[in-house]
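Report on one structure; see the data block that follows.
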Amino acid sequence: MTGSNEFKLNQPPEDGISSVKFSPNTSQFLLVSSWDTSVRLYDVPANTMRLKYQHSGAVLDCAFYDPTHAWSGGLDQQLKMHDLNTDQENLVGAHDAPIRCVEYCPEVNVMVTGSWDQTVKLWDPRTPCNAGTFSQPEKVYTLSVSGDRLIVGTAGRRVLVWDLRNMGYVQQRRESSLKYQTRCIRAFPNKQGYVLSSIEGRVAVEYLDPSPEIQKKKYAFKCHRLKENNIEQIYPVNAISFHNIHNTFATGGSDGFVNIWDPFNKKRLCQFHRYPTSIASLAFSNDGTTLAIASSYMYEMDDIEHPEDGIFIRQVTDAETKPKST
Amino acid sequence: FQPTLKVGGEVTMSQEWNEWELSKENVQPLRQGRIMSTLQEVLAQQETSSHTAIQQQKQEFESEIRFYSGDDPLDVWDRYIKWTEQTFPQGGKESNLSAVLERAVKALNEQQRYYKDPRYLSLWLKFGNYCSEPLDLYSYLHSQEIGTSLALFYITWAEALEARGSYKKADLIFQEGLQRRAEPQDKLQSHHRQFQARVSRQTLLGLEQDEEELDLPVITETQRSSLAELKGKGKKNVRAPISRVGDALKAANRGRSFQNSTSQQVSNGPNFAVFDENTASISRAELPILTPQPWAAPPTGRAKENELKAGPWNSGKRPRGNMNSGVEVPCMLPSFTPYVEESAQQQVITPCKIEPSINHVLSARKPGKEEDPLQRVQNHQQDSQEKKEVAMYCKERVYAGVEEFSLEEIRAEIYRKKAKKRREEEFHAIAQQTAEMQRRIEELEKKLKEKDDDQQQRPSEQVSSSLFICRLGGSCYLICSAFYLFQDELHGIEPLAEDAILTGSYKNKTLCPSPEDTCDFVRAAHLASTPFHGVISQRIQPPTNPESTLKEECPEPKSTSVSQQIPICEGIYNETLCIKKLSPIMEASQEDTRSSGSSVSSASSLSSVTHISTIKYLHIPEKLELAQNDPPQVLWSAEQRRRLLDPLPDSLSNSPGFCSENGPMPVMELEKEIELGNEIYCIKREYWTNEDYKMFFGVLSSFAELDVFSQPVPWDFYITLQLQERLSTDFDQSFSENCSCFLYLDGCAILHREINRFTLWDIIQCCKAIPEEVIMLVVYNILDVVQKLHKAEIVHGNLCPEALFLGDRICDPFANNEITSALKIVDFSYSLDVRLQPKVSLLNSFPIAQTQYGQQILAKCSLPYQVDLVGIAEIVHLMLFGEHLRVYQEDSLWKISQNFSKTVDSDLWNKFFRRILNADGKSTVPMLRELREEMSGMFNSFVQEWFCGALAKLGETFNVENFL
């Protein structure tokens with residue numbers, strides 16, 4: 001199934017994969033967090049695992065601060081910073097409930113974590129220490145950074161836009177335009193808006209500018225649905241990743257498919273072959289040449305027998321990722 | 001929600017005020033009453049706005065609903081609802097009670113078994129409060145036969161009807177309830193009676209009123225019902241003002257309509273008393289109370305005479321509406337903003353200000369039509385029947401409770417459950433193991449007793465063991481066994497004859513001089529329960545001690561008093577005491593391996609051994625360039641290992657033997673005393689030293705035994721723990737069973753207690769020729785140990801005679817041959833954890849690879865396990881020939897250069913070397929097992945006697961001069 005433009009990483013995590021993230025400056029290193037309580041660093045071209053460190057519980061998300069520092073958090077509620085050069089670990093802080101998301105905002109030089117304790121916390125990565133706790137109306141499920149803005153998706157389909165330079169108040173309080181639970185939010189690299197995916201096969205493209213004429217442009221579409229015996233099967237859309245250069249994005253669903261979309265022409269650019277199981281996480285490398293695809297069952301249908309978890313590395317071409325000029 | 005909410009806020013300054021007194025208005029009454037403590041707590045929490053505890057509890061309920069596996073899901077919902085009622089005394093949106101009820105009703109829909117359950121009924125009835133038309137709900141329940149056997153149903157229904165004035169219908173409902181014998185019947189009857197009383201009184205009053213005001217048609221049922229059609233939303237408890245007449249009646253009505261204004265557009269039509277002057281004046285009087293001060297003079301307030309016609313309750317409502325919209329109209333105070341902004345700039349919290357128009361654009365989904373919850377529930381039932389689409393996730397889990405759960409939360413719950421189960425299983429396994437061990441101990445005790453009897457039949461065999469009696473608070477009861485060589489000269493402890501002890505003449509030998517000193521006492525207690533078992537010199541006892549025999553003492557009456565003093569030790573004492581005839585064998589036997597020799601008389605120090613090795617913490621400048629691919633060359637470099645063990649695995653740092661010291665490592669040199677933990681050890685012998693680590697033997701300053709290593713990273717300790725974990729039951733005496741680790745800032749020391757002092761190297765050195773049987777025994781054991789190591793995916797890396805300590809099988813003549821092992825490996829400083837370091841291909845960094853033979857053999861080898869095989873070959877070679885291994889290659893097979901003398905079984909050894917030297921690429925574990933099987937049975941009882949002799953010789957050379 002894997003062609004010449006794609007291969008599977010060796011030494012994959014032993015349990016579900018929660019997140020894959022590429023290094024900020026090279027497509028050589030991939031950080032992977034997993035339910036097996038570990039965070040691993042892979043050398044992608046060499047196809048080897050370079051390093052691994054442990055949490056005391058399942059790890060739900062990880063992020064690079066810079067090429068040599070990884071941050072991660074999970075069910076143990078602790079936020080760890082790991083020096084990848086010296087393999088030294090630093091316990092930065094904790095939330096009152098499991099940490100669901102970890103992101104880095106380069107513009108403001110701050111790490112952001114979102115937790116089921118209904119807060120977002122900011123962390124100064126240099127010290128490192130807590131730089132503020134901001135309560136959210138519900139459990140945080142996903143967050144994304146767009147320039148100096150922070151977009152938080154919570155339970156109850158709420159979306160909050162914060163200004164990281166002035167966290168005194170919520171800049172925008174929104175409601176998801178989709179009917180069902182928010183699974184993932186990722187901001188456009190051009191900082192104009194974000195894409196939100198829901199648990200029932202839909203994706204919405206939204207714009208941050210609140211002026212009515214811009215807001216008119218927003219739209220949503222159905223995807224990751226399969227028809228079988230005349231019954232439409234609707235899958236959760238778990239992962240979104242943007243192509244940094246073209247502003248196109250890939251979505252991954254529990255149907256095991258990865259689609260690449262052109263949000264400007266409202267077109268699907270391509271669909272890859274079906275992966276063994278749900279797509280749990282996606283990551284374009286910084287230069288947009290490589291896409292890491294974590295295929296890992298997410299217990300959508302409860303704790304049942306499922307295909308092996310794996311991480312696929314795929315080289316993508318402009319034909320697959322560049323908007324077609326019309 | 002309720003305008004009265006403000007009242008509490010104004011007075012909060014005075015904290016000593018009772019929360020309850022402050023917020024009475026904000027607490028909704030509950031039928032079953034409120035728990036005062038919860039109420040207080042909740043009200044207090046609201047002030048501080050710390051809701052985390054409440055959130056957590058809510059989360060727990062939510063997850064319980066999703067993962068409930070019992071057979072009474074209603075129970076969870078029932079508790080959840082009760083908790084919500086208690087925790088949110090104001091009710092309102094925050095409590096989300098209506099949503100909880102709706103979910104519960106949906107979730108438990110069509111569960112026939114609950115239809116007669118009072119909890120289920122009350123769930124529905126509470127839900128009814130939030131329905132726009134509760135009467136519909138009652139009819140629905142009635143048609144579904146839900147709760148129709150319960151009195152509460154009829155009472156509530158009838159009350160609702162009564163409140164609307166449908167007395168006849170209400171009576172019919174009561175009648176039906178009685179007819180159906182709804183339980184409890186007496187309650188239903190009494191309610192019915194009260195109802196009848198009210199109705200008749202009402203009729204009576206109505207008649208009176210009729211006489212006064214003929215045009216006010218309050219009483220007649222027909223009128224009441226026709227005018228009551230204005231929908232009373234939400235509240236079922238609104239009752240007709242049956243007992244009031246005239247002005248009072250109207251005033252009361254109005255008052256209620258304000259208080260209950262929650263959602264009700266109430267009104268009892270008949271009171272449409274617009275023309276009544278009295279009411280008009282009253283309502284004006286009410287106005288200031290309801291309108292907060294800032295809005296005291298809204299523009300509409302300048303009432304012109306003609307505008308009063310809207311009616312008193314209308315004008316009462318209006319300012320309230322204004323206040324609500326006030327939030328959205330900040331433009332009312334434009335003059336303030338410039339002043340505020342300047343100072344507020346530094347404030348962290350700036351007020352949230354979203355333009356309403358924008359807000360509207362952003363809330364994309366139009367708020368759904370206000371549907372009646374009951375309708376929603378009914379729709380829900382229909383929905384589930386038609387299916388054209390299917391959601392490919394467990395939707396019922398995600399949306400089961402009131403709040404949604406993400407897939408990760410659900411998985412986390414499963415994950416936690418699994419972890420919990422695993423812990424319980426482990427606990428169970430440990431319990432089982434303990435039981436198994438207990439059983440084995442008992443077995444062994446039996447065996448030992450038999451042996452004991454044997455020995456008594458052979459009095460010629462002198463046993464150099466003796467028992468001490470220690471004195472505790474005047475009561476002499478303690479027994480321990482110890483084995484000593486030079487007790488007379490060195491410690492002045494007289495050997496005790498059994499008779500002497502029994503008669504009590506030696507009872508004042510004090511091991512625990514002051515019973516008040518708990519430390520001493522505990523030590524003594526420890527000694528009593530787990531006497532020292534270092535056994536080395538048992539057999540080397542010079543025959544000059546004919547009187548040393550085994551003793552015991554059990555003054556039972558006194559012992560009880562001691563055990564009362566220290567209840568913790570009770571079990572231990574009892575165990576010791578109930579064995580009437582203690583033998584040294586028993587004491588020395590394997591079940592006592594835990595003995596900390598700390599309290600044993602110094603006489604026994606001889607037989608105890610300590611090794612200390614030290615490693616300087618090497619600060620290798622470390623830089624793993626992420627782009628560079630070369631793995632580190634030196635596998636056991638401190639830096640590499642530190643990386644492997646960083647962070648220290650929990651298993652390591654949580655291990656009972658682990659101890660992190662906040663300071664530099666003490667200097668360790670010969671004849672110096674060092675403190676480890678709370679014990680002071682005196683270093684007596686240095687086994688070896690190299691640049692980054694040393695190995696010593698030390699004695700506890702006054703008493704006995706331990707064994708120390710050290711390194712910058714607790715690698716040895718790590719390996720030992722790993723072995724323990726991976727081998728589980730196979731982890732036996734071949735390894736250090738009682739070791740602790742002291743981690744310093746610049747190094748670390750590892751202490752192995754209960755190690756026999758001698759190594760295989762001592763034997764090889766002191767004995768010119770080693771009998772073949774002995775070699776067989778040793779080889780047999782080496783193969784065994786190495787096989788275990790390899791099975792656990794650990795490569796020892798530096799097998800040499802110096803690293804192999806003699807085990808109890810050799811040193812303890814009475815050891816159980818089946819169980820005890822002849823060798824003990826404690827040093828893992830060159831070891832590899834193949835699981836942790838899977839990619840090791842460079843064997844030339846092992847010490848053995850520096851030797852000529854090692855270089856030759858390992859040059860083409862790839863597996864690290866091979867290193868240990870060469871180590872074994874070297875040891876065997878040393879024992880057989882007294883010199884180092886030399887090899888040559890013939891037909892691509894490695895052979896040894898030495899020729900076997902005629903005395904040994906050359907066939908066997910040739911085969912042995914051929915296999916062990918040419919094993920590259922093969923799995924070592926089965927090969928080692930085969931080799932070992934060939935060896936088994938080739939040694940006999942003679943071996944042990946030989947060792948005793950050898951050790952005695954060793955003891956003479958070493959003990960005296962070096963240690964004492």
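Residue numbering restarts at 1 for every chain of the structure tokens, chains are lettered A, B, ... in their displayed order, and ligands are numbered from 1 as they appear.
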
Could you work out which residues of chain A fall inside 7 Å of chain B? Count only C-alpha atoms, and format the result as number ranges by chain. A: 85-89, 155-156, 168-170, 174-175, 177, 200, 210-212, 231-235, 299-302

Can those selected residues be exported to a file as a CSV table (one decimal), in the first residue's frame so that it contains C-alpha atoms?
chain,number,residue,atom,x,y,z
A,85,ASN,CA,20.0,17.9,23.1
A,86,THR,CA,20.9,16.9,26.6
A,87,ASP,CA,17.9,14.7,27.2
A,88,GLN,CA,17.1,16.6,30.3
A,89,GLU,CA,13.6,17.0,31.6
A,155,ALA,CA,-16.9,21.7,24.8
A,156,GLY,CA,-20.4,23.0,24.2
A,168,GLY,CA,-7.7,40.8,29.9
A,169,TYR,CA,-10.8,39.9,28.0
A,170,VAL,CA,-12.0,37.6,25.3
A,174,ARG,CA,-18.3,32.6,19.1
A,175,GLU,CA,-20.3,29.6,18.7
A,177,SER,CA,-21.2,27.0,13.1
A,200,GLU,CA,-19.9,14.5,12.6
A,210,PRO,CA,-16.0,40.4,12.4
A,211,SER,CA,-17.2,42.8,9.7
A,212,PRO,CA,-20.3,41.4,8.1
A,231,ILE,CA,-26.8,4.4,4.8
A,232,GLU,CA,-24.5,7.3,5.1
A,233,GLN,CA,-21.7,6.7,7.6
A,234,ILE,CA,-20.5,9.9,9.2
A,235,TYR,CA,-17.1,10.0,10.7
A,299,TYR,CA,-11.8,4.4,20.6
A,300,GLU,CA,-14.6,6.0,18.6
A,301,MET,CA,-16.5,2.8,18.8
A,302,ASP,CA,-15.3,1.9,22.2

Near segment 714-717 of chain B, counting only C-alpha atoms, which residues have an atom at most 7 Å away, once you skip same-chain residues fewer than 4 positions from it, shown as a compact mmCIF listing (two decimals) with N, CA and C atoms, in the first residue's frame?
# COMPACT_ATOMS: atom_id res chain seq x y z
N LEU B 721 17.09 -3.56 39.72
CA LEU B 721 15.63 -3.44 39.77
C LEU B 721 14.99 -4.01 38.52
N CYS B 741 20.40 2.37 47.33
CA CYS B 741 21.19 3.24 46.47
C CYS B 741 21.21 4.63 47.09
N CYS B 748 27.35 8.30 43.08
CA CYS B 748 26.34 7.55 43.80
C CYS B 748 26.92 6.27 44.34
N ILE B 750 26.16 2.42 45.90
CA ILE B 750 25.14 1.38 45.99
C ILE B 750 25.59 0.36 47.01
N ASP B 827 27.70 -6.64 40.66
CA ASP B 827 28.30 -5.53 39.92
C ASP B 827 27.77 -5.52 38.49
N PHE B 828 27.10 -4.44 38.15
CA PHE B 828 26.59 -4.34 36.79
C PHE B 828 27.12 -3.08 36.10
N SER B 829 28.32 -2.70 36.50
CA SER B 829 28.79 -1.40 36.02
C SER B 829 29.09 -1.40 34.52

Give the strand (DSSP E or B) residues of segment 76-281 of chain A, as assigned by DSSP on the backbone, as number ranges by chain. A: 78-83, 88-94, 99-105, 110-115, 119-124, 129-135, 140-146, 149-154, 158-163, 166-175, 182-187, 193-198, 202-207, 219-222, 225-228, 231-234, 237-242, 249-253, 258-262, 267-271, 279-281

DSSP on the backbone: which residues in segment 198-266 of chain A end up as helix (DSSP H, G or I)? Give the answer as a VMD selection string. chain A and resid 212 to 215

I need the residues from that last selection saved to file as a short mmCIF file (atom, residue, chain, number, x, y, z; two decimals), in the first residue's frame (with N, CA, C and O atoms), if you can.
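Result written to out-v8.cif:
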data_model
loop_
_atom_site.label_atom_id
_atom_site.label_comp_id
_atom_site.auth_asym_id
_atom_site.auth_seq_id
_atom_site.Cartn_x
_atom_site.Cartn_y
_atom_site.Cartn_z
N PRO A 212 -19.36 42.31 8.69
CA PRO A 212 -20.35 41.45 8.05
C PRO A 212 -19.95 41.00 6.65
O PRO A 212 -20.21 39.85 6.27
N GLU A 213 -19.28 41.86 5.90
CA GLU A 213 -18.98 41.45 4.51
C GLU A 213 -17.95 40.31 4.48
O GLU A 213 -18.02 39.42 3.64
N ILE A 214 -17.00 40.36 5.44
CA ILE A 214 -16.05 39.24 5.52
C ILE A 214 -16.77 38.01 6.05
O ILE A 214 -16.59 36.90 5.55
N GLN A 215 -17.58 38.21 7.06
CA GLN A 215 -18.27 37.06 7.66
C GLN A 215 -19.17 36.35 6.65
O GLN A 215 -19.44 35.17 6.79
#

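The shell of residues at most 10 Å from Ala220 of chain A, with only C-alpha atoms counted and near chain neighbours (fewer than 2 positions) removed, consists of Ser177, Leu178, Val195, Leu196, Ser197, Arg202, Val203, Ala204, Val205, Glu206, Lys218, Lys222, Cys223 and Lys266 of chain A.
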
Between atom CA of Thr133 of chain A and atom CA of Asp96 of chain A, what distance in Å does the model show, to one decimal? 11.4 Å

Neighbours of Cys105 of chain A within 12 Å (only C-alpha atoms; same-chain residues fewer than 2 positions away dropped), as a VMD selection string? chain A and resid 24 63 to 66 102 to 103 107 to 113 122 to 125 143 to 151 163 to 165 187

If we count only C-alpha atoms and set the cut-off at 8 Å, which residues sit around Leu9 of chain A, ignoring sequence neighbours fewer than 2 positions away in its own chain? Please answer as an mmCIF file with C-alpha atoms, in the first residue's frame.
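The result, stored in selection-v6.cif:
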data_model
loop_
_atom_site.group_PDB
_atom_site.id
_atom_site.type_symbol
_atom_site.label_atom_id
_atom_site.label_comp_id
_atom_site.auth_asym_id
_atom_site.auth_seq_id
_atom_site.Cartn_x
_atom_site.Cartn_y
_atom_site.Cartn_z
ATOM 1 C CA PHE A 7 6.767 5.010 4.177
ATOM 2 C CA GLN A 11 9.459 1.781 16.278
ATOM 3 C CA PRO A 12 6.021 3.348 16.463
ATOM 4 C CA VAL A 44 12.385 10.956 9.626
ATOM 5 C CA ASN A 47 13.601 6.329 9.866
ATOM 6 C CA THR A 48 14.813 5.833 13.415
ATOM 7 C CA GLY A 310 1.288 3.677 12.729
ATOM 8 C CA ILE A 311 2.845 6.872 11.489
ATOM 9 C CA PHE A 312 3.121 7.351 7.745
ATOM 10 C CA ILE A 313 5.433 9.883 6.195
#

What's the 9 Å shell around Thr248 of chain A, counting only C-alpha atoms, without same-chain residues fewer than 4 positions away, as a PyMOL selection string? chain A and resi 188+241-244+260-264+269+321-323

I'd like the interatomic distance between atom CA of Arg439 of chain B and atom CA of Lys451 of chain B, to a tenth of an Å.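 Separation between atom CA of Arg439 of chain B and atom CA of Lys451 of chain B: 18.6 Å.
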
Segment 149-161 of chain B environment, 10 Å, only C-alpha atoms, sequence neighbours closer than 3 positions dropped, as a PyMOL selection string: chain B and resi 115-118+121-122+124-125+134-135+137-139+141-142+145-146+164-178+180-189+191-192+195+225+235-239

State, in Å with one decimal place, the distance from atom CA of Tyr130 of chain B to atom CA of Asp75 of chain B. 21.4 Å
